[in-house]
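Okay, query-v5.cif is below, mmCIF, N, CA and C atoms:
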data_data
#
loop_
_atom_site.label_atom_id
_atom_site.label_comp_id
_atom_site.auth_asym_id
_atom_site.auth_seq_id
_atom_site.Cartn_x
_atom_site.Cartn_y
_atom_site.Cartn_z
N MET A 1 16.69 15.09 -10.14
CA MET A 1 16.70 14.43 -8.86
C MET A 1 16.03 15.29 -7.78
N LYS A 2 16.08 16.61 -7.98
CA LYS A 2 15.46 17.50 -7.00
C LYS A 2 13.96 17.26 -6.88
N THR A 3 13.33 16.85 -7.96
CA THR A 3 11.88 16.60 -7.90
C THR A 3 11.57 15.15 -7.52
N VAL A 4 12.48 14.22 -7.81
CA VAL A 4 12.22 12.81 -7.54
C VAL A 4 12.15 12.53 -6.04
N VAL A 5 13.09 13.04 -5.27
CA VAL A 5 13.15 12.75 -3.83
C VAL A 5 11.90 13.25 -3.10
N PRO A 6 11.47 14.50 -3.31
CA PRO A 6 10.25 14.92 -2.62
C PRO A 6 9.02 14.09 -3.01
N ILE A 7 8.90 13.73 -4.28
CA ILE A 7 7.77 12.90 -4.72
C ILE A 7 7.85 11.53 -4.05
N HIS A 8 9.02 10.95 -4.03
CA HIS A 8 9.22 9.65 -3.38
C HIS A 8 8.83 9.72 -1.91
N ASN A 9 9.24 10.77 -1.24
CA ASN A 9 8.91 10.93 0.18
C ASN A 9 7.41 11.08 0.39
N ILE A 10 6.76 11.84 -0.45
CA ILE A 10 5.31 12.03 -0.33
C ILE A 10 4.58 10.70 -0.53
N VAL A 11 4.99 9.93 -1.53
CA VAL A 11 4.35 8.64 -1.80
C VAL A 11 4.58 7.69 -0.63
N ASN A 12 5.80 7.67 -0.08
CA ASN A 12 6.07 6.81 1.08
C ASN A 12 5.21 7.21 2.28
N GLU A 13 5.04 8.51 2.48
CA GLU A 13 4.20 8.98 3.59
C GLU A 13 2.74 8.57 3.38
N MET A 14 2.28 8.61 2.13
CA MET A 14 0.92 8.16 1.82
C MET A 14 0.77 6.69 2.18
N CYS A 15 1.75 5.89 1.82
CA CYS A 15 1.71 4.45 2.11
C CYS A 15 1.70 4.21 3.61
N TRP A 16 2.59 4.88 4.32
CA TRP A 16 2.67 4.67 5.77
C TRP A 16 1.38 5.10 6.46
N SER A 17 0.81 6.19 6.00
CA SER A 17 -0.45 6.67 6.57
C SER A 17 -1.55 5.62 6.40
N GLN A 18 -1.61 5.00 5.24
CA GLN A 18 -2.63 3.98 4.99
C GLN A 18 -2.35 2.70 5.80
N ILE A 19 -1.08 2.37 5.97
CA ILE A 19 -0.75 1.22 6.82
C ILE A 19 -1.20 1.49 8.24
N LEU A 20 -0.97 2.70 8.72
CA LEU A 20 -1.39 3.03 10.09
C LEU A 20 -2.91 2.94 10.24
N GLU A 21 -3.66 3.26 9.19
CA GLU A 21 -5.12 3.08 9.24
C GLU A 21 -5.46 1.61 9.46
N TRP A 22 -4.79 0.71 8.75
CA TRP A 22 -5.03 -0.72 8.93
C TRP A 22 -4.60 -1.14 10.34
N GLU A 23 -3.49 -0.60 10.79
CA GLU A 23 -2.96 -1.00 12.10
C GLU A 23 -3.86 -0.55 13.25
N ARG A 24 -4.66 0.48 13.05
CA ARG A 24 -5.57 0.93 14.10
C ARG A 24 -6.59 -0.15 14.47
N MET A 25 -6.77 -1.12 13.61
CA MET A 25 -7.67 -2.23 13.89
C MET A 25 -7.12 -3.12 15.01
N HIS A 26 -5.85 -2.96 15.29
CA HIS A 26 -5.17 -3.79 16.29
C HIS A 26 -4.77 -2.89 17.45
N GLU A 27 -5.68 -2.70 18.38
CA GLU A 27 -5.55 -1.71 19.45
C GLU A 27 -4.41 -1.98 20.42
N GLY A 28 -3.92 -3.20 20.49
CA GLY A 28 -2.89 -3.53 21.46
C GLY A 28 -1.52 -2.95 21.15
N CYS A 29 -1.32 -2.49 19.94
CA CYS A 29 -0.01 -1.97 19.54
C CYS A 29 -0.15 -0.52 19.10
N LEU A 30 0.44 0.37 19.87
CA LEU A 30 0.31 1.80 19.58
C LEU A 30 1.38 2.34 18.65
N GLN A 31 2.50 1.62 18.51
CA GLN A 31 3.59 2.14 17.68
C GLN A 31 4.16 1.08 16.75
N PRO A 32 3.43 0.72 15.70
CA PRO A 32 4.02 -0.20 14.73
C PRO A 32 5.22 0.45 14.06
N LYS A 33 6.16 -0.38 13.63
CA LYS A 33 7.38 0.14 13.01
C LYS A 33 7.63 -0.59 11.70
N LEU A 34 8.17 0.14 10.73
CA LEU A 34 8.55 -0.47 9.47
C LEU A 34 9.85 -1.24 9.67
N LEU A 35 9.83 -2.53 9.34
CA LEU A 35 11.03 -3.36 9.45
C LEU A 35 11.81 -3.38 8.15
N LYS A 36 11.08 -3.56 7.05
CA LYS A 36 11.76 -3.63 5.74
C LYS A 36 10.74 -3.44 4.63
N PHE A 37 11.26 -3.14 3.46
CA PHE A 37 10.40 -3.12 2.29
C PHE A 37 11.15 -3.73 1.12
N GLU A 38 10.38 -4.35 0.24
CA GLU A 38 10.94 -5.00 -0.93
C GLU A 38 10.22 -4.49 -2.16
N GLY A 39 10.99 -4.08 -3.17
CA GLY A 39 10.42 -3.73 -4.45
C GLY A 39 10.15 -4.99 -5.25
N LYS A 40 8.95 -5.11 -5.78
CA LYS A 40 8.57 -6.31 -6.56
C LYS A 40 7.86 -5.89 -7.84
N ALA A 41 8.45 -4.95 -8.54
CA ALA A 41 7.81 -4.39 -9.74
C ALA A 41 7.48 -5.45 -10.79
N LYS A 42 8.27 -6.50 -10.86
CA LYS A 42 8.05 -7.54 -11.88
C LYS A 42 7.17 -8.68 -11.37
N GLN A 43 6.62 -8.52 -10.16
CA GLN A 43 5.74 -9.54 -9.58
C GLN A 43 4.40 -8.90 -9.23
N PRO A 44 3.52 -8.74 -10.20
CA PRO A 44 2.22 -8.11 -9.90
C PRO A 44 1.46 -8.91 -8.85
N SER A 45 0.77 -8.19 -8.01
CA SER A 45 -0.03 -8.84 -6.98
C SER A 45 -1.21 -9.55 -7.63
N PRO A 46 -1.77 -10.55 -6.94
CA PRO A 46 -2.96 -11.21 -7.49
C PRO A 46 -4.10 -10.22 -7.79
N LYS A 47 -4.29 -9.26 -6.89
CA LYS A 47 -5.34 -8.26 -7.11
C LYS A 47 -5.08 -7.45 -8.38
N ALA A 48 -3.83 -7.07 -8.61
CA ALA A 48 -3.48 -6.30 -9.81
C ALA A 48 -3.73 -7.13 -11.07
N ARG A 49 -3.40 -8.42 -11.02
CA ARG A 49 -3.64 -9.29 -12.18
C ARG A 49 -5.13 -9.43 -12.48
N VAL A 50 -5.94 -9.60 -11.43
CA VAL A 50 -7.39 -9.72 -11.63
C VAL A 50 -7.94 -8.41 -12.20
N ARG A 51 -7.51 -7.29 -11.65
CA ARG A 51 -7.98 -5.99 -12.17
C ARG A 51 -7.60 -5.83 -13.64
N ALA A 52 -6.39 -6.26 -14.02
CA ALA A 52 -5.95 -6.15 -15.41
C ALA A 52 -6.81 -7.01 -16.33
N MET A 53 -7.25 -8.16 -15.83
CA MET A 53 -8.10 -9.05 -16.65
C MET A 53 -9.44 -8.42 -16.99
N VAL A 54 -9.90 -7.49 -16.14
CA VAL A 54 -11.19 -6.85 -16.42
C VAL A 54 -11.01 -5.44 -16.99
N GLY A 55 -9.79 -5.13 -17.43
CA GLY A 55 -9.58 -3.91 -18.18
C GLY A 55 -8.90 -2.75 -17.48
N TYR A 56 -8.54 -2.91 -16.21
CA TYR A 56 -7.85 -1.82 -15.52
C TYR A 56 -6.36 -1.86 -15.81
N GLN A 57 -5.70 -0.72 -15.63
CA GLN A 57 -4.26 -0.65 -15.86
C GLN A 57 -3.49 -1.44 -14.80
N MET A 58 -2.33 -1.95 -15.20
CA MET A 58 -1.44 -2.62 -14.25
C MET A 58 -0.71 -1.55 -13.45
N PRO A 59 -0.35 -1.85 -12.22
CA PRO A 59 0.44 -0.88 -11.46
C PRO A 59 1.83 -0.76 -12.09
N PHE A 60 2.45 0.40 -11.91
CA PHE A 60 3.80 0.57 -12.44
C PHE A 60 4.85 0.06 -11.45
N ASP A 61 4.43 -0.21 -10.22
CA ASP A 61 5.36 -0.74 -9.23
C ASP A 61 4.58 -1.45 -8.14
N ARG A 62 5.29 -2.30 -7.42
CA ARG A 62 4.71 -2.99 -6.27
C ARG A 62 5.78 -3.07 -5.20
N HIS A 63 5.38 -2.86 -3.97
CA HIS A 63 6.27 -3.06 -2.83
C HIS A 63 5.56 -3.94 -1.82
N ASP A 64 6.33 -4.70 -1.10
CA ASP A 64 5.84 -5.40 0.09
C ASP A 64 6.57 -4.79 1.27
N TRP A 65 5.82 -4.27 2.21
CA TRP A 65 6.40 -3.67 3.42
C TRP A 65 6.11 -4.61 4.59
N THR A 66 7.11 -4.86 5.40
CA THR A 66 6.94 -5.67 6.59
C THR A 66 6.97 -4.75 7.81
N VAL A 67 5.93 -4.86 8.62
CA VAL A 67 5.75 -4.00 9.77
C VAL A 67 5.88 -4.83 11.04
N ASP A 68 6.52 -4.26 12.03
CA ASP A 68 6.60 -4.87 13.36
C ASP A 68 5.42 -4.34 14.17
N ARG A 69 4.45 -5.22 14.41
CA ARG A 69 3.30 -4.88 15.23
C ARG A 69 3.56 -5.39 16.65
N CYS A 70 4.40 -4.64 17.37
CA CYS A 70 4.74 -4.99 18.76
C CYS A 70 5.21 -6.44 18.87
N GLY A 71 6.16 -6.81 18.03
CA GLY A 71 6.76 -8.14 18.09
C GLY A 71 6.25 -9.11 17.05
N LYS A 72 5.18 -8.78 16.36
CA LYS A 72 4.64 -9.65 15.32
C LYS A 72 4.90 -9.01 13.95
N GLN A 73 5.46 -9.79 13.04
CA GLN A 73 5.73 -9.28 11.70
C GLN A 73 4.49 -9.43 10.82
N VAL A 74 4.09 -8.32 10.20
CA VAL A 74 2.90 -8.27 9.36
C VAL A 74 3.31 -7.68 8.02
N ARG A 75 2.90 -8.35 6.93
CA ARG A 75 3.28 -7.88 5.59
C ARG A 75 2.11 -7.15 4.94
N TYR A 76 2.44 -6.05 4.29
CA TYR A 76 1.47 -5.27 3.51
C TYR A 76 1.90 -5.26 2.06
N VAL A 77 0.93 -5.30 1.17
CA VAL A 77 1.17 -5.22 -0.27
C VAL A 77 0.74 -3.84 -0.73
N ILE A 78 1.59 -3.22 -1.53
CA ILE A 78 1.30 -1.88 -2.03
C ILE A 78 1.48 -1.88 -3.55
N ASP A 79 0.40 -1.58 -4.25
CA ASP A 79 0.45 -1.41 -5.70
C ASP A 79 0.42 0.08 -5.99
N PHE A 80 1.31 0.51 -6.87
CA PHE A 80 1.43 1.92 -7.25
C PHE A 80 0.89 2.12 -8.65
N TYR A 81 -0.08 3.00 -8.77
CA TYR A 81 -0.71 3.27 -10.06
C TYR A 81 -0.52 4.73 -10.46
N GLN A 82 -0.50 4.95 -11.75
CA GLN A 82 -0.50 6.31 -12.27
C GLN A 82 -1.87 6.89 -12.01
N GLY A 83 -1.94 8.07 -11.42
CA GLY A 83 -3.21 8.71 -11.16
C GLY A 83 -3.70 9.52 -12.35
N LYS A 84 -4.83 10.15 -12.16
CA LYS A 84 -5.38 11.01 -13.21
C LYS A 84 -4.67 12.36 -13.19
N ARG A 85 -4.34 12.84 -14.35
CA ARG A 85 -3.70 14.15 -14.48
C ARG A 85 -4.69 15.26 -14.21
N ASP A 86 -4.20 16.29 -13.57
CA ASP A 86 -4.99 17.49 -13.32
C ASP A 86 -4.89 18.37 -14.56
N PRO A 87 -6.00 18.60 -15.28
CA PRO A 87 -5.94 19.42 -16.49
C PRO A 87 -5.40 20.82 -16.22
N ALA A 88 -5.63 21.34 -15.03
CA ALA A 88 -5.13 22.68 -14.70
C ALA A 88 -3.63 22.68 -14.43
N ASN A 89 -3.07 21.51 -14.13
CA ASN A 89 -1.64 21.40 -13.84
C ASN A 89 -1.12 20.07 -14.39
N PRO A 90 -1.06 19.94 -15.72
CA PRO A 90 -0.74 18.65 -16.34
C PRO A 90 0.67 18.13 -16.06
N ASP A 91 1.59 18.99 -15.64
CA ASP A 91 2.95 18.53 -15.36
C ASP A 91 3.11 17.97 -13.94
N LYS A 92 2.10 18.17 -13.12
CA LYS A 92 2.16 17.68 -11.74
C LYS A 92 1.92 16.18 -11.74
N PRO A 93 2.82 15.40 -11.13
CA PRO A 93 2.61 13.95 -11.09
C PRO A 93 1.40 13.59 -10.22
N SER A 94 0.78 12.49 -10.58
CA SER A 94 -0.38 12.02 -9.84
C SER A 94 -0.24 10.51 -9.64
N PHE A 95 -0.40 10.07 -8.39
CA PHE A 95 -0.25 8.66 -8.06
C PHE A 95 -1.44 8.19 -7.25
N PHE A 96 -1.71 6.91 -7.37
CA PHE A 96 -2.69 6.24 -6.53
C PHE A 96 -2.00 5.03 -5.94
N VAL A 97 -2.12 4.84 -4.63
CA VAL A 97 -1.53 3.66 -4.01
C VAL A 97 -2.64 2.81 -3.40
N ASP A 98 -2.56 1.53 -3.66
CA ASP A 98 -3.51 0.57 -3.10
C ASP A 98 -2.74 -0.21 -2.03
N VAL A 99 -3.00 0.11 -0.78
CA VAL A 99 -2.28 -0.48 0.36
C VAL A 99 -3.24 -1.40 1.11
N ARG A 100 -2.79 -2.63 1.35
CA ARG A 100 -3.63 -3.58 2.07
C ARG A 100 -2.76 -4.66 2.70
N PRO A 101 -3.29 -5.34 3.72
CA PRO A 101 -2.55 -6.45 4.31
C PRO A 101 -2.38 -7.56 3.28
N ALA A 102 -1.26 -8.25 3.37
CA ALA A 102 -1.05 -9.40 2.48
C ALA A 102 -2.15 -10.42 2.72
N LEU A 103 -2.38 -11.25 1.74
CA LEU A 103 -3.48 -12.21 1.80
C LEU A 103 -3.08 -13.45 2.61
N THR A 104 -2.98 -13.23 3.91
CA THR A 104 -2.79 -14.31 4.87
C THR A 104 -4.14 -14.50 5.56
N VAL A 105 -4.24 -15.44 6.47
CA VAL A 105 -5.50 -15.62 7.20
C VAL A 105 -5.84 -14.34 7.95
N GLU A 106 -4.86 -13.80 8.68
CA GLU A 106 -5.11 -12.57 9.44
C GLU A 106 -5.37 -11.38 8.52
N GLY A 107 -4.60 -11.30 7.42
CA GLY A 107 -4.81 -10.21 6.47
C GLY A 107 -6.18 -10.27 5.82
N ALA A 108 -6.63 -11.49 5.48
CA ALA A 108 -7.96 -11.66 4.90
C ALA A 108 -9.04 -11.24 5.91
N TRP A 109 -8.82 -11.58 7.18
CA TRP A 109 -9.78 -11.19 8.22
C TRP A 109 -9.83 -9.68 8.35
N ASP A 110 -8.66 -9.02 8.34
CA ASP A 110 -8.63 -7.55 8.41
C ASP A 110 -9.36 -6.93 7.22
N ARG A 111 -9.13 -7.47 6.05
CA ARG A 111 -9.82 -6.95 4.85
C ARG A 111 -11.33 -7.12 4.98
N THR A 112 -11.75 -8.28 5.46
CA THR A 112 -13.18 -8.55 5.64
C THR A 112 -13.78 -7.59 6.66
N ARG A 113 -13.09 -7.42 7.78
CA ARG A 113 -13.58 -6.51 8.82
C ARG A 113 -13.73 -5.09 8.27
N ARG A 114 -12.76 -4.65 7.50
CA ARG A 114 -12.86 -3.29 6.94
C ARG A 114 -14.01 -3.21 5.95
N PHE A 115 -14.15 -4.21 5.11
CA PHE A 115 -15.22 -4.22 4.12
C PHE A 115 -16.58 -4.17 4.79
N LEU A 116 -16.74 -4.93 5.87
CA LEU A 116 -18.02 -4.99 6.58
C LEU A 116 -18.19 -3.86 7.60
N GLY A 117 -17.11 -3.12 7.86
CA GLY A 117 -17.19 -2.02 8.82
C GLY A 117 -17.25 -2.48 10.26
N ILE A 118 -16.61 -3.62 10.54
CA ILE A 118 -16.61 -4.12 11.93
C ILE A 118 -15.22 -4.11 12.53
#
Written form, structure tokens:
Amino acid sequence: MKTVVPIHNIVNEMCWSQILEWERMHEGCLQPKLLKFEGKAKQPSPKARVRAMVGYQMPFDRHDWTVDRCGKQVRYVIDFYQGKRDPANPDKPSFFVDVRPALTVEGAWDRTRRFLGI
């Protein structure tokens, strides 16, 4: 348990940092807050299912985090993947998190804006 808690905290901080990157697109709210999160390990996201169809690994976990953007609730989808092991330190855990807005109209617009760099 001594190693699980610090790893869990690091992964959560990675997720929050990436959510804040998305939230910077919305300049009117300087302090978004986490309202809740839900574990959905048995409900792969559509993106994870599509990736699996073309040969990529499925995530080992999924969370949906709901953020309060100054009074507006915004949902983010987070897929957790096993990362590549460091050959120099094979016992060190490695994770990759794919954090993005849920596929709503506004979430799709945010994804498009990021993709196009606008």
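Evaluated against the shown file, the PyMOL selection byres ((chain A and resi 40) around 7) gives Glu38, Gly39, Ala41, Lys42, Gln43, Pro44, Asp61, Arg62, His63 and Asp64 of chain A.
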Alpha helix (DSSP H) positions in range 26-63 of chain A, given as a PDB file with N, CA and C atoms, keeping the file's coordinate frame:
ATOM      1  N   PRO A  46      -1.770 -10.550  -6.940  1.00  0.00           N
ATOM      2  CA  PRO A  46      -2.960 -11.210  -7.490  1.00  0.00           C
ATOM      3  C   PRO A  46      -4.100 -10.220  -7.790  1.00  0.00           C
ATOM      4  N   LYS A  47      -4.290  -9.260  -6.890  1.00  0.00           N
ATOM      5  CA  LYS A  47      -5.340  -8.260  -7.110  1.00  0.00           C
ATOM      6  C   LYS A  47      -5.080  -7.450  -8.380  1.00  0.00           C
ATOM      7  N   ALA A  48      -3.830  -7.070  -8.610  1.00  0.00           N
ATOM      8  CA  ALA A  48      -3.480  -6.300  -9.810  1.00  0.00           C
ATOM      9  C   ALA A  48      -3.730  -7.130 -11.070  1.00  0.00           C
ATOM     10  N   ARG A  49      -3.400  -8.420 -11.020  1.00  0.00           N
ATOM     11  CA  ARG A  49      -3.640  -9.290 -12.180  1.00  0.00           C
ATOM     12  C   ARG A  49      -5.130  -9.430 -12.480  1.00  0.00           C
ATOM     13  N   VAL A  50      -5.940  -9.600 -11.430  1.00  0.00           N
ATOM     14  CA  VAL A  50      -7.390  -9.720 -11.630  1.00  0.00           C
ATOM     15  C   VAL A  50      -7.940  -8.410 -12.200  1.00  0.00           C
ATOM     16  N   ARG A  51      -7.510  -7.290 -11.650  1.00  0.00           N
ATOM     17  CA  ARG A  51      -7.980  -5.990 -12.170  1.00  0.00           C
ATOM     18  C   ARG A  51      -7.600  -5.830 -13.640  1.00  0.00           C
ATOM     19  N   ALA A  52      -6.390  -6.260 -14.020  1.00  0.00           N
ATOM     20  CA  ALA A  52      -5.950  -6.150 -15.410  1.00  0.00           C
ATOM     21  C   ALA A  52      -6.810  -7.010 -16.330  1.00  0.00           C
ATOM     22  N   MET A  53      -7.250  -8.160 -15.830  1.00  0.00           N
ATOM     23  CA  MET A  53      -8.100  -9.050 -16.650  1.00  0.00           C
ATOM     24  C   MET A  53      -9.440  -8.420 -16.990  1.00  0.00           C
TER      25      MET A  53
END
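Residue membership of the PyMOL selection byres (((chain A and resi 76 and name CA) around 10) and name CA) in the shown file amounts to Cys15, Ile19, Trp22, Phe37, His63, Asp64, Trp65, Thr66, Val67, Val74, Arg75, Val77, Ile78, Val99, Arg100, Pro101, Ala102, Leu103 and Gly107 of chain A.
Take the candidates A:Pro46, A:Val105, A:Val11, A:Arg114 and check each one against Met58 in chain A using only C-alpha atoms; the shortest distance goes to A:Pro46.
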(Q) Please determine, counting only C-alpha atoms, which residue among A:Trp16, A:Lys33, A:His26, A:Asp110 has the shortest atom-to-atom distance to Gly71 in chain A. (A) A:Lys33
Q) Which parts of range 4-69 of chain A does DSSP call strand (DSSP E or B) when run on the backbone here, written out as a ChimeraX atom specification? A) /A:33-39,61-69
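Nearest residue to Gln31 in chain A among A:Asp68, A:Glu13, A:Glu106, A:Asp79 is A:Asp68, counting only C-alpha atoms.
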Q. By how many Å are atom N of Arg113 in chain A and CA of Leu34 in chain A apart?
A. 22.8 Å
